[in-house]
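Okay, so here's the structure we're looking at.
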Amino acid sequence: MAVHFCNNSLELENLLQHISPDEVFTITDDNCNTYCLPELIASKTLSIHNTFTFPSGEKNKCLATYENAIDFLAKKNLSRKGTIINIGGGVTTDLGGFVAASYKRGVRFIHIPTSLMAMVDASHGGKVGINHKELKNYIGSFSQPDCILIYPGFLKTLPEVELLSGYAEVLKHGIIADKSYWEYTKTLNPFDISATDWLSIIQQSIDIKMAIVEADPLEANERKKLNFGHTVGHAFESLLLKQNASISHGHAVAAGMIVESAIAHRINKLPLHEQNDITHHISKLYDKLPIYHTDIPQLITLMSYDKKNPQKGIEMALPNNIGQCDYNISVETDVIEACLIQYMS
Ligand SMILES: NC(=O)c1ccc[n+]([C@@H]2O[C@H](COP(=O)([O-])OP(=O)(O)OC[C@H]3O[C@@H](n4cnc5c(N)ncnc54)[C@H](O)[C@@H]3O)[C@@H](O)[C@H]2O)c1
Ligand SMILES: [Zn+2]
């Protein structure tokens, strides 16, 4: 599966025309329809008539949108030889990828990620799917796109809060796999990064993620490292979604990394100065989440629902040192509670 980098929209257009098969359908959300699609529609590869547009937002990564997308493709009679191009953030690549993987038992698809989150993370690794009520990514499959086209120019219209969301995964990649990458990203202001630096960041993050995914595509072992910050982060995300105070995925993961670093230190894995380094740097960039003591029982329940857990107990991926991560670490609930309280204080 190839990843192509494009420096300008012309290159992107040329690439699309080169790979474009006859029957192309596009899946996108309303924001990307406004900000990103016009760059491509001119190429004549994509047609507005064959574009399924859904309302943006995590809550729409759901069965109802999935059904509407399938209805759209069925009415327009997309054949099994057709191709779906998903243009958007991680919600679009997850949802559109799952639509493509399951429509008529699967059609070819291409991802054109437009958010930082989708460029460095969501569009790579083959996981596609949708949420089931408040349970994140409960319905889905592993399915690879034919290729991924990356054009960092799309980041120009991405709201700052979304840029910060993707940056949390960038920071995670350094913490779990590459200390020098962590040190480098610490020196950058995510709101003031040159185009050349973006290319290098996106490339390094993809390299780290793909080296891990290629060693363990179906997440039996090694790939679990990528879940650092996510056991607690997904619980935060689900809780706040339920309370209609939804936050970005990356913001939840950033908070999750603070709590999970504290857990890693408490169970004698991560040295205190490295826990402090992680906490200090993440807290500088991300506001504290509105989580309260009364939420703790529900958060623990949500963590134990996590589909990556064995039948009993809560397991996490935790760093031993910055740049090195372990997985399948069983964590007692009293340790999680203590670290949640520490985060709130
Ligand atoms: N499959 C995976 O391996 C994987 C990995 C990480 C995250 N994810 C999933 O990705 C999702 C989060 O991704 P996300 O943060 O990109 O969310 P998103 O797709 O909702 O995009 C965030 C917001 O930015 C807007 N947007 C995107 N690109 C834009 C652009 N260029 N200009 C203007 N607005 C733009 C979107 O419309 C949306 O409002 C979650 O559902 C998460 O579970 C999946
Ligand atoms: Zn994530």
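Each chain of the structure tokens is named A, B, ... in the order shown, its residues numbered from 1; ligands are numbered from 1 in display order.
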*Collect all residues with atoms no farther than 7 Å from ligand 1, counting only C-alpha atoms and all ligand atoms, and output them as JSON, numbers by chain.*
{"A": [29, 30, 31, 32, 35, 36, 56, 57, 58, 61, 88, 89, 90, 91, 92, 94, 114, 115, 116, 117, 118, 121, 122, 123, 124, 125, 126, 127, 128, 136, 137, 154, 155, 156, 157, 158, 159, 162, 165, 166, 248, 249, 250]}
Please extract the residues of stretch 8-223 of chain A with a backbone DSSP assignment of strand (DSSP E or B) and present them as a JSON list (two decimals) with C-alpha atoms, in the first residue's frame.
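Final output, selection.json:
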```json
[["chain", "number", "residue", "atom", "x", "y", "z"],
["A", 24, "VAL", "CA", -15.14, 7.11, -8.55],
["A", 25, "PHE", "CA", -17.29, 7.97, -5.56],
["A", 26, "THR", "CA", -16.27, 10.34, -2.82],
["A", 27, "ILE", "CA", -17.15, 10.30, 0.86],
["A", 28, "THR", "CA", -16.56, 13.47, 2.83],
["A", 29, "ASP", "CA", -18.02, 15.58, 5.63],
["A", 51, "THR", "CA", -20.14, 12.70, -3.54],
["A", 52, "PHE", "CA", -21.75, 11.54, -0.32],
["A", 53, "THR", "CA", -21.49, 14.32, 2.26],
["A", 54, "PHE", "CA", -22.37, 13.82, 5.92],
["A", 83, "THR", "CA", -13.49, 3.08, -6.12],
["A", 84, "ILE", "CA", -14.36, 5.16, -3.09],
["A", 85, "ILE", "CA", -12.17, 8.13, -2.21],
["A", 86, "ASN", "CA", -12.42, 9.24, 1.40],
["A", 87, "ILE", "CA", -11.50, 12.90, 1.76],
["A", 88, "GLY", "CA", -11.50, 14.18, 5.31],
["A", 108, "ARG", "CA", -11.32, -0.45, -3.63],
["A", 109, "PHE", "CA", -10.71, 2.72, -1.68],
["A", 110, "ILE", "CA", -8.25, 5.58, -1.39],
["A", 111, "HIS", "CA", -7.72, 7.87, 1.59],
["A", 112, "ILE", "CA", -6.96, 11.57, 1.21],
["A", 113, "PRO", "CA", -6.53, 12.66, 4.85],
["A", 127, "LYS", "CA", -8.41, -0.06, 10.98],
["A", 128, "VAL", "CA", -11.80, 1.16, 9.74],
["A", 129, "GLY", "CA", -15.08, 1.36, 11.59],
["A", 130, "ILE", "CA", -17.80, 3.26, 13.38],
["A", 131, "ASN", "CA", -18.94, 3.82, 16.97],
["A", 132, "HIS", "CA", -21.75, 1.86, 18.62],
["A", 135, "LEU", "CA", -18.70, 2.83, 22.58],
["A", 136, "LYS", "CA", -15.85, 3.94, 20.36],
["A", 137, "ASN", "CA", -15.00, 1.95, 17.24],
["A", 138, "TYR", "CA", -17.08, -1.04, 18.34],
["A", 139, "ILE", "CA", -18.09, -2.01, 14.81],
["A", 140, "GLY", "CA", -15.39, -2.31, 12.18],
["A", 141, "SER", "CA", -12.77, -4.32, 10.38],
["A", 142, "PHE", "CA", -9.19, -4.33, 9.17],
["A", 147, "CYS", "CA", -3.15, 4.13, -1.47],
["A", 148, "ILE", "CA", -3.00, 7.22, 0.72],
["A", 149, "LEU", "CA", -2.40, 10.70, -0.72],
["A", 150, "ILE", "CA", -0.96, 13.25, 1.68]]
```
_Here is a test: counting only C-alpha atoms and all ligand atoms, which residue of A:Glu222, A:Asp287, A:Glu67, A:Glu237 is nearest to ligand 2?_
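So, comparing all the options, the nearest one is A:Glu237.
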*asked:* Could you go through stretch 175-283 of chain A and tell me which residues DSSP, when run on the backbone, assigns to alpha helix (DSSP H), listing them as a ChimeraX atom specification?
replied: /A:175-177,179-186,195-215,230-242,249-266,272-283
Can you write just those residues out, C-alpha atoms, as a PDB file, in the first residue's frame?
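File written: out-v8.pdb
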```
ATOM      1  CA  ILE A 175       7.059   8.745  23.721  1.00  0.00           C
ATOM      2  CA  ILE A 176       6.448   5.142  22.666  1.00  0.00           C
ATOM      3  CA  ALA A 177       9.195   4.705  20.082  1.00  0.00           C
ATOM      4  CA  LYS A 179      13.169   9.714  22.268  1.00  0.00           C
ATOM      5  CA  SER A 180      14.937  12.034  19.798  1.00  0.00           C
ATOM      6  CA  TYR A 181      11.642  12.568  17.938  1.00  0.00           C
ATOM      7  CA  TRP A 182      10.003  13.474  21.289  1.00  0.00           C
ATOM      8  CA  GLU A 183      12.813  15.957  22.024  1.00  0.00           C
ATOM      9  CA  TYR A 184      12.431  17.461  18.529  1.00  0.00           C
ATOM     10  CA  THR A 185       8.648  17.861  18.746  1.00  0.00           C
ATOM     11  CA  LYS A 186       9.057  19.477  22.170  1.00  0.00           C
ATOM     12  CA  ALA A 195       5.640  23.288   5.350  1.00  0.00           C
ATOM     13  CA  THR A 196       9.019  21.504   5.262  1.00  0.00           C
ATOM     14  CA  ASP A 197       8.833  20.677   8.966  1.00  0.00           C
ATOM     15  CA  TRP A 198       5.269  19.376   8.522  1.00  0.00           C
ATOM     16  CA  LEU A 199       6.429  17.025   5.795  1.00  0.00           C
ATOM     17  CA  SER A 200       9.204  15.725   8.019  1.00  0.00           C
ATOM     18  CA  ILE A 201       6.879  15.329  11.049  1.00  0.00           C
ATOM     19  CA  ILE A 202       4.175  13.555   9.072  1.00  0.00           C
ATOM     20  CA  GLN A 203       6.748  11.249   7.473  1.00  0.00           C
ATOM     21  CA  GLN A 204       8.411  10.379  10.817  1.00  0.00           C
ATOM     22  CA  SER A 205       5.089   9.699  12.512  1.00  0.00           C
ATOM     23  CA  ILE A 206       3.933   7.468   9.650  1.00  0.00           C
ATOM     24  CA  ASP A 207       7.279   5.607   9.748  1.00  0.00           C
ATOM     25  CA  ILE A 208       6.937   4.957  13.485  1.00  0.00           C
ATOM     26  CA  LYS A 209       3.324   3.838  13.226  1.00  0.00           C
ATOM     27  CA  MET A 210       3.909   1.641  10.171  1.00  0.00           C
ATOM     28  CA  ALA A 211       7.002  -0.082  11.609  1.00  0.00           C
ATOM     29  CA  ILE A 212       4.854  -1.113  14.575  1.00  0.00           C
ATOM     30  CA  VAL A 213       1.824  -2.076  12.457  1.00  0.00           C
ATOM     31  CA  GLU A 214       3.883  -4.107   9.992  1.00  0.00           C
ATOM     32  CA  ALA A 215       5.355  -6.125  12.865  1.00  0.00           C
ATOM     33  CA  HIS A 230      -5.911   5.552  24.799  1.00  0.00           C
ATOM     34  CA  THR A 231      -7.338   3.306  27.549  1.00  0.00           C
ATOM     35  CA  VAL A 232      -7.877   6.312  29.798  1.00  0.00           C
ATOM     36  CA  GLY A 233      -8.300   8.667  26.811  1.00  0.00           C
ATOM     37  CA  HIS A 234     -11.144   6.657  25.265  1.00  0.00           C
ATOM     38  CA  ALA A 235     -12.915   6.565  28.632  1.00  0.00           C
ATOM     39  CA  PHE A 236     -12.643  10.389  28.863  1.00  0.00           C
ATOM     40  CA  GLU A 237     -13.885  10.705  25.292  1.00  0.00           C
ATOM     41  CA  SER A 238     -16.866   8.374  25.839  1.00  0.00           C
ATOM     42  CA  LEU A 239     -17.846  10.022  29.132  1.00  0.00           C
ATOM     43  CA  LEU A 240     -17.738  13.536  27.708  1.00  0.00           C
ATOM     44  CA  LEU A 241     -19.578  12.454  24.554  1.00  0.00           C
ATOM     45  CA  LYS A 242     -22.346  11.072  26.781  1.00  0.00           C
ATOM     46  CA  HIS A 249      -9.887  12.606  20.201  1.00  0.00           C
ATOM     47  CA  GLY A 250      -6.369  14.000  20.575  1.00  0.00           C
ATOM     48  CA  HIS A 251      -7.281  16.178  23.546  1.00  0.00           C
ATOM     49  CA  ALA A 252      -8.654  13.064  25.295  1.00  0.00           C
ATOM     50  CA  VAL A 253      -5.509  11.107  24.373  1.00  0.00           C
ATOM     51  CA  ALA A 254      -3.267  13.932  25.650  1.00  0.00           C
ATOM     52  CA  ALA A 255      -5.043  13.777  29.028  1.00  0.00           C
ATOM     53  CA  GLY A 256      -4.907   9.973  28.854  1.00  0.00           C
ATOM     54  CA  MET A 257      -1.113  10.121  28.350  1.00  0.00           C
ATOM     55  CA  ILE A 258      -0.743  12.285  31.479  1.00  0.00           C
ATOM     56  CA  VAL A 259      -2.768   9.809  33.581  1.00  0.00           C
ATOM     57  CA  GLU A 260      -1.122   6.728  32.066  1.00  0.00           C
ATOM     58  CA  SER A 261       2.385   8.203  32.577  1.00  0.00           C
ATOM     59  CA  ALA A 262       1.492   8.652  36.256  1.00  0.00           C
ATOM     60  CA  ILE A 263       0.321   5.018  36.331  1.00  0.00           C
ATOM     61  CA  ALA A 264       3.555   3.907  34.629  1.00  0.00           C
ATOM     62  CA  HIS A 265       5.593   5.713  37.270  1.00  0.00           C
ATOM     63  CA  ARG A 266       3.466   4.412  40.156  1.00  0.00           C
ATOM     64  CA  LEU A 272       9.811  10.306  37.847  1.00  0.00           C
ATOM     65  CA  HIS A 273      11.786  12.889  35.821  1.00  0.00           C
ATOM     66  CA  GLU A 274      10.406  11.431  32.577  1.00  0.00           C
ATOM     67  CA  GLN A 275       6.842  11.360  33.938  1.00  0.00           C
ATOM     68  CA  ASN A 276       7.304  15.033  34.865  1.00  0.00           C
ATOM     69  CA  ASP A 277       8.742  15.832  31.430  1.00  0.00           C
ATOM     70  CA  ILE A 278       5.667  14.280  29.713  1.00  0.00           C
ATOM     71  CA  THR A 279       3.175  15.902  32.096  1.00  0.00           C
ATOM     72  CA  HIS A 280       4.831  19.310  31.912  1.00  0.00           C
ATOM     73  CA  HIS A 281       5.032  19.442  28.126  1.00  0.00           C
ATOM     74  CA  ILE A 282       1.509  18.099  27.484  1.00  0.00           C
ATOM     75  CA  SER A 283      -0.026  20.415  30.111  1.00  0.00           C
TER      76      SER A 283
END
```
*Closest to ligand 2 among A:Asp192, A:Asp326, A:Glu169, A:Asp295, using only C-alpha atoms and all ligand atoms?*
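Answer, going by the shortest atom-to-atom distance: A:Glu169.
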*8 Å contact set for A:Asn321, only C-alpha atoms, chain neighbours under 2 positions out, as a list in words*: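 After dropping sequence-adjacent residues, the list is Ile175, Lys269, Leu270, Pro271, Glu274, Pro319, Gly323, Gln324 and Cys325 of chain A.
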*Please, what distance in Å, to one decimal, runs between atom CA of A:Lys104 and atom CA of A:Leu40?*
26.7 Å
*Quick one: pull the distance between atom CA of A:His173 and atom CA of A:Leu226, Å, one decimal.*
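Calculated distance between atom CA of A:His173 and atom CA of A:Leu226 is 7.7 Å.
Minimum atom-to-atom distance to ligand 2, evaluated using only C-alpha atoms and all ligand atoms, belongs to A:Met119 out of A:Met119, A:Leu78, A:Leu63, A:Val3.
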_Among the residues A:Gly313, A:Ile300, A:Phe72, A:Phe228, the one that comes closest to ligand 2 [using only C-alpha atoms and all ligand atoms]_ =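 When distances to ligand 2 are compared using only C-alpha atoms and all ligand atoms, the smallest one comes from A:Phe228.
The spacing separating atom CA of A:Met316 from atom CA of A:Glu219 amounts to 13.3 Å.
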